[in-house]
Structures are given as C-alpha cells and as structure tokens.
Amino acid sequence: MTEEKLLEFLYVAPVALIEFDGQGKVKIANPRVAQLFNRFAPGGYFDNFFTFLDDVLPELKEAILAFNESGGQVMENRRFCIEVPNGSDNESLWLDVTVMRQAEDDYIASLNNVTNQVKSETEKYIAEQQLSTVFESVDGHVIFTLDTEGSIDSWNVTGETHICSSDSALGKLLSQVTNLSLEDNAQYLKASSQGEIIKQPIQFKSRYGDAKGAELCMSAIHDQRNHNRGFSVVLTLGH
C-alpha cells in the first residue's frame with residue numbers, strides 16, 4: 001500500500017486513531033477523533049493524550065511507563081467513559097481503547113465508540129434483574145430454565161420451597177426432579193425445540209416427601225437467528 005493510500009485509509013477509518021509520543025504529546029489524529037470529541041475539546045482535538053484522559057483513564061500513562069518492550073500491544077480494548085456536554089446536561093460516551101507501541105517514542109491508540117453497545121447491555125441487565133425479581137416473587141409457580149441439553153440452569157424460590165434447593169436442582173434433568181420419564185423428557189425437549197409449546201399434567205415429590213401435582217408448560221428459547229438457546233419451564237402447582 002502506498003503512503004497516499006495509507007493516509008486515505010486512516011482518514012476514512014471508522015475508529016479514532018491517534019499517534020503520540022512517550023509523554024502523551026499528540027503527533028497526528030484522524031478526522032474521527034474530531035467527530036468523537038468535538039463536544040469535549042475545542043475542535044475535537046487536544047494536545048496531550050495523557051492529560052485528556054487523566055481523569056477517566058489514569059492507568060494509561062502508568063501502563064505505557066511500565067511497558068518495557070520495544071514494540072507491541074500496551075493495552076487492549078480497555079473500556080472507559082467520558083461525560084460530554086449535551087445542552088444543559090451531560091451524556092456518557094463509552095469507548096474501548098487499544099494502544100500499540102510502534103517505536104521507542106511512538107505510540108498509536110485506536111478508540112472505538114461502544115456507547116450503543118453499553119446502552120444495550122445495560123438495558124438487558126436491568127430487564128434481567130426486573131424479570132428475576134418477578135420470578136422470585138411469584139407464588140404457586142415454579143419458574144426455571146433449562147440449557148440446550150435440558151439441564152436446569154436457573155431455579156426460583158417457589159421451587160426451593162416446594163421441591164428442592166437450588167443446589168440440588170441445578171444441573172439436573174427435568175425427569176430427575178419430577179416423575180417424568182427419560183423418554184418423555186427427551187420427547188418434550190425435541191418437540192419444544194421445534195416450536196411446540198408443551199402443556200402436560202405432571203407430578204413431583206415435594207421436599208417433604210409427599211406427592212404433588214402440577215401443570216407443566218415448556219417452550220424453547222430462541223435467539224434473533226432462531227437458534228435454540230435453552231428452554232423456559234413453568235410448573236403451576238396444585239393441578
């Protein structure tokens with residue numbers, strides 16, 4: 001690749017690229033830097049990479065000073081957050097930074113904007129916590145999940161109260177905590193993975209040793225590409 005082509009590539013790259021020396025002084029930066037930081041620094045550029053990130057990533061300078069190799073990767077995908085002005089309020093800008101040492105006094109940093117990814121991960125985490133709270137508070141329903149092989153990988157409080165502890169349930173097959181046969185267990189998993197919702201009466205032995213009845217409802221959990229990621233199971237007690 002010619003120098004002209006290389007420069008053209010660097011200027012249209014979707015990640016922010018900054019070249020700086022061992023003291024943090026910026027030598028060159030591509031336009032993506034200005035696009036990312038135009039609300040944080042005048043014109044989106046800054047003179048010193050260390051000073052710019054001192055409050056949010058102080059370990060960057062420490063890692064560079066401690067790096068003894070003549071070249072190589074100093075830091076990989078270290079995530080950090082900068083609060084950037086957004087009108088009368090601030091907005092969180094999340095970035096992953098990777099730093100390479102090119103020569104004794106020459107470093108290149110790439111910064112990737114992962115704000116949308118972090119927002120999605122946060123929303124997913126909150127939703128999972130809210131759902132977990134609902135599952136734990138539901139009385140009269142044993143709500144749990146199975147992995148793709150049919151082993152129990154989550155267990156709620158109602159299950160602990162009426163059937164067995166989480167430690168006893170986790171890793172077991174449905175047929176090991178109910179009267180379901182191994183053959184029916186395999187058949188239900190297969191039918192569920194093919195899109196069928198299983199609804200069947202079932203019995204189990206309570207943790208006190210007496211027989212109890214319930215209605216089993218099982219369905220498969222699929223991802224966005226319709227791949228099976230496990231199974232959702234509800235035992236409605238008293239049936």
# chains A, B, ... in the order shown; residues from 1 in each chain; ligands from 1

$ select_by_dssp --residues "stretch 41-194 of chain A" --states "strand (DSSP E)" --output "NGL selection string"
:A and (72-86 or 89-103 or 106-113 or 141-146 or 152-155)

$ residues_around --residues "A:Ser154" --least-positions-apart "3" --cutoff "10 Å" --atoms "only C-alpha atoms" --output "ChimeraX atom specification"
/A:143-147,151,166,169-171,232

$ write_last_selection --atoms "C-alpha atoms" --output "PDB file, in the first residue's frame"
ATOM      1  CA  ILE A 143     -40.332 -20.949  37.139  1.00  0.00           C
ATOM      2  CA  PHE A 144     -36.950 -22.051  35.824  1.00  0.00           C
ATOM      3  CA  THR A 145     -34.890 -22.559  32.676  1.00  0.00           C
ATOM      4  CA  LEU A 146     -33.002 -25.414  31.055  1.00  0.00           C
ATOM      5  CA  ASP A 147     -29.865 -25.198  28.963  1.00  0.00           C
ATOM      6  CA  SER A 151     -30.229 -29.438  32.335  1.00  0.00           C
ATOM      7  CA  SER A 166     -31.233 -24.627  44.051  1.00  0.00           C
ATOM      8  CA  ALA A 169     -31.864 -28.730  41.237  1.00  0.00           C
ATOM      9  CA  LEU A 170     -29.128 -27.078  39.177  1.00  0.00           C
ATOM     10  CA  GLY A 171     -27.574 -29.408  36.618  1.00  0.00           C
ATOM     11  CA  SER A 232     -38.328 -21.965  29.681  1.00  0.00           C
TER      12      SER A 232
END

$ closest_atom_pairs --of "stretch 79-130 of chain A" --to "stretch 9-33 of chain A" --cutoff "6 Å" --atoms "only C-alpha atoms" --output "tab-separated table"
residue	atom	partner	partner_atom	distance
A:Asp105	CA	A:Asp21	CA	5.0
A:Asp106	CA	A:Asp21	CA	4.8
A:Tyr107	CA	A:Phe20	CA	5.3
A:Ile108	CA	A:Glu19	CA	4.4
A:Ala109	CA	A:Ile18	CA	5.2
A:Ser110	CA	A:Leu17	CA	4.6
A:Leu111	CA	A:Ala16	CA	5.0
A:Asn112	CA	A:Val15	CA	5.2

$ write_last_selection --atoms "N, CA and C atoms" --output "mmCIF file, in the first residue's frame"
data_model
loop_
_atom_site.group_PDB
_atom_site.id
_atom_site.type_symbol
_atom_site.label_atom_id
_atom_site.label_comp_id
_atom_site.auth_asym_id
_atom_site.auth_seq_id
_atom_site.Cartn_x
_atom_site.Cartn_y
_atom_site.Cartn_z
ATOM 1 N N ASP A 105 9.659 5.944 21.032
ATOM 2 C CA ASP A 105 8.925 7.151 21.420
ATOM 3 C C ASP A 105 7.725 7.378 20.511
ATOM 4 N N ASP A 106 7.097 6.273 20.115
ATOM 5 C CA ASP A 106 5.989 6.396 19.158
ATOM 6 C C ASP A 106 4.906 5.380 19.500
ATOM 7 N N TYR A 107 3.689 5.878 19.729
ATOM 8 C CA TYR A 107 2.558 5.033 20.098
ATOM 9 C C TYR A 107 1.354 5.386 19.226
ATOM 10 N N ILE A 108 0.522 4.383 18.991
ATOM 11 C CA ILE A 108 -0.728 4.610 18.266
ATOM 12 C C ILE A 108 -1.873 4.058 19.103
ATOM 13 N N ALA A 109 -2.910 4.877 19.280
ATOM 14 C CA ALA A 109 -4.102 4.460 20.009
ATOM 15 C C ALA A 109 -5.290 4.432 19.064
ATOM 16 N N SER A 110 -6.083 3.398 19.175
ATOM 17 C CA SER A 110 -7.349 3.344 18.445
ATOM 18 C C SER A 110 -8.478 3.369 19.462
ATOM 19 N N LEU A 111 -9.464 4.211 19.206
ATOM 20 C CA LEU A 111 -10.597 4.363 20.117
ATOM 21 C C LEU A 111 -11.884 4.058 19.364
ATOM 22 N N ASN A 112 -12.634 3.130 19.896
ATOM 23 C CA ASN A 112 -13.869 2.692 19.249
ATOM 24 C C ASN A 112 -15.066 3.095 20.111
#

$ residues_around --residues "A:Ile221" --least-positions-apart "5" --cutoff "10 Å" --atoms "only C-alpha atoms" --output "PyMOL selection string"
chain A and resi 145-148+192-193+195+226-232

$ closest_residue --among "A:Leu93, A:Asp139, A:Ser206, A:Val99" --to "A:Val118" --atoms "only C-alpha atoms"
A:Leu93

$ select_by_dssp --residues "stretch 130-227 of chain A" --states "alpha helix (DSSP H)" --output "number ranges by chain"
A: 130-137, 157-162, 166-169, 174-177, 182-193

$ atom_distance --atom1 "atom CA of A:Gln203" --atom2 "atom CA of A:His222"
27.4 Å

$ closest_residue --among "A:Pro201, A:Pro85, A:Pro58, A:Gly150" --to "A:Gln176" --atoms "only C-alpha atoms"
A:Gly150

$ residues_around --residues "stretch 172-175 of chain A" --least-positions-apart "3" --cutoff "9 Å" --atoms "only C-alpha atoms" --output "JSON, numbers by chain"
{"A": [146, 149, 150, 151, 152, 153, 168, 169, 178, 179, 180, 181, 182, 184, 185]}

$ residues_around --residues "stretch 76-80 of chain A" --least-positions-apart "6" --cutoff "6 Å" --atoms "only C-alpha atoms" --output "PDB file with C-alpha atoms, in the first residue's frame"
ATOM      1  CA  TRP A  94     -18.217   4.924  26.220  1.00  0.00           C
ATOM      2  CA  LEU A  95     -15.018   3.983  24.410  1.00  0.00           C
ATOM      3  CA  ASP A  96     -12.738   0.977  24.037  1.00  0.00           C
ATOM      4  CA  VAL A  97      -9.083   1.923  23.648  1.00  0.00           C
ATOM      5  CA  THR A  98      -6.207  -0.171  22.319  1.00  0.00           C
TER       6      THR A  98
END

$ atom_distance --atom1 "atom CA of A:Ile163" --atom2 "atom CA of A:Leu189"
21.1 Å
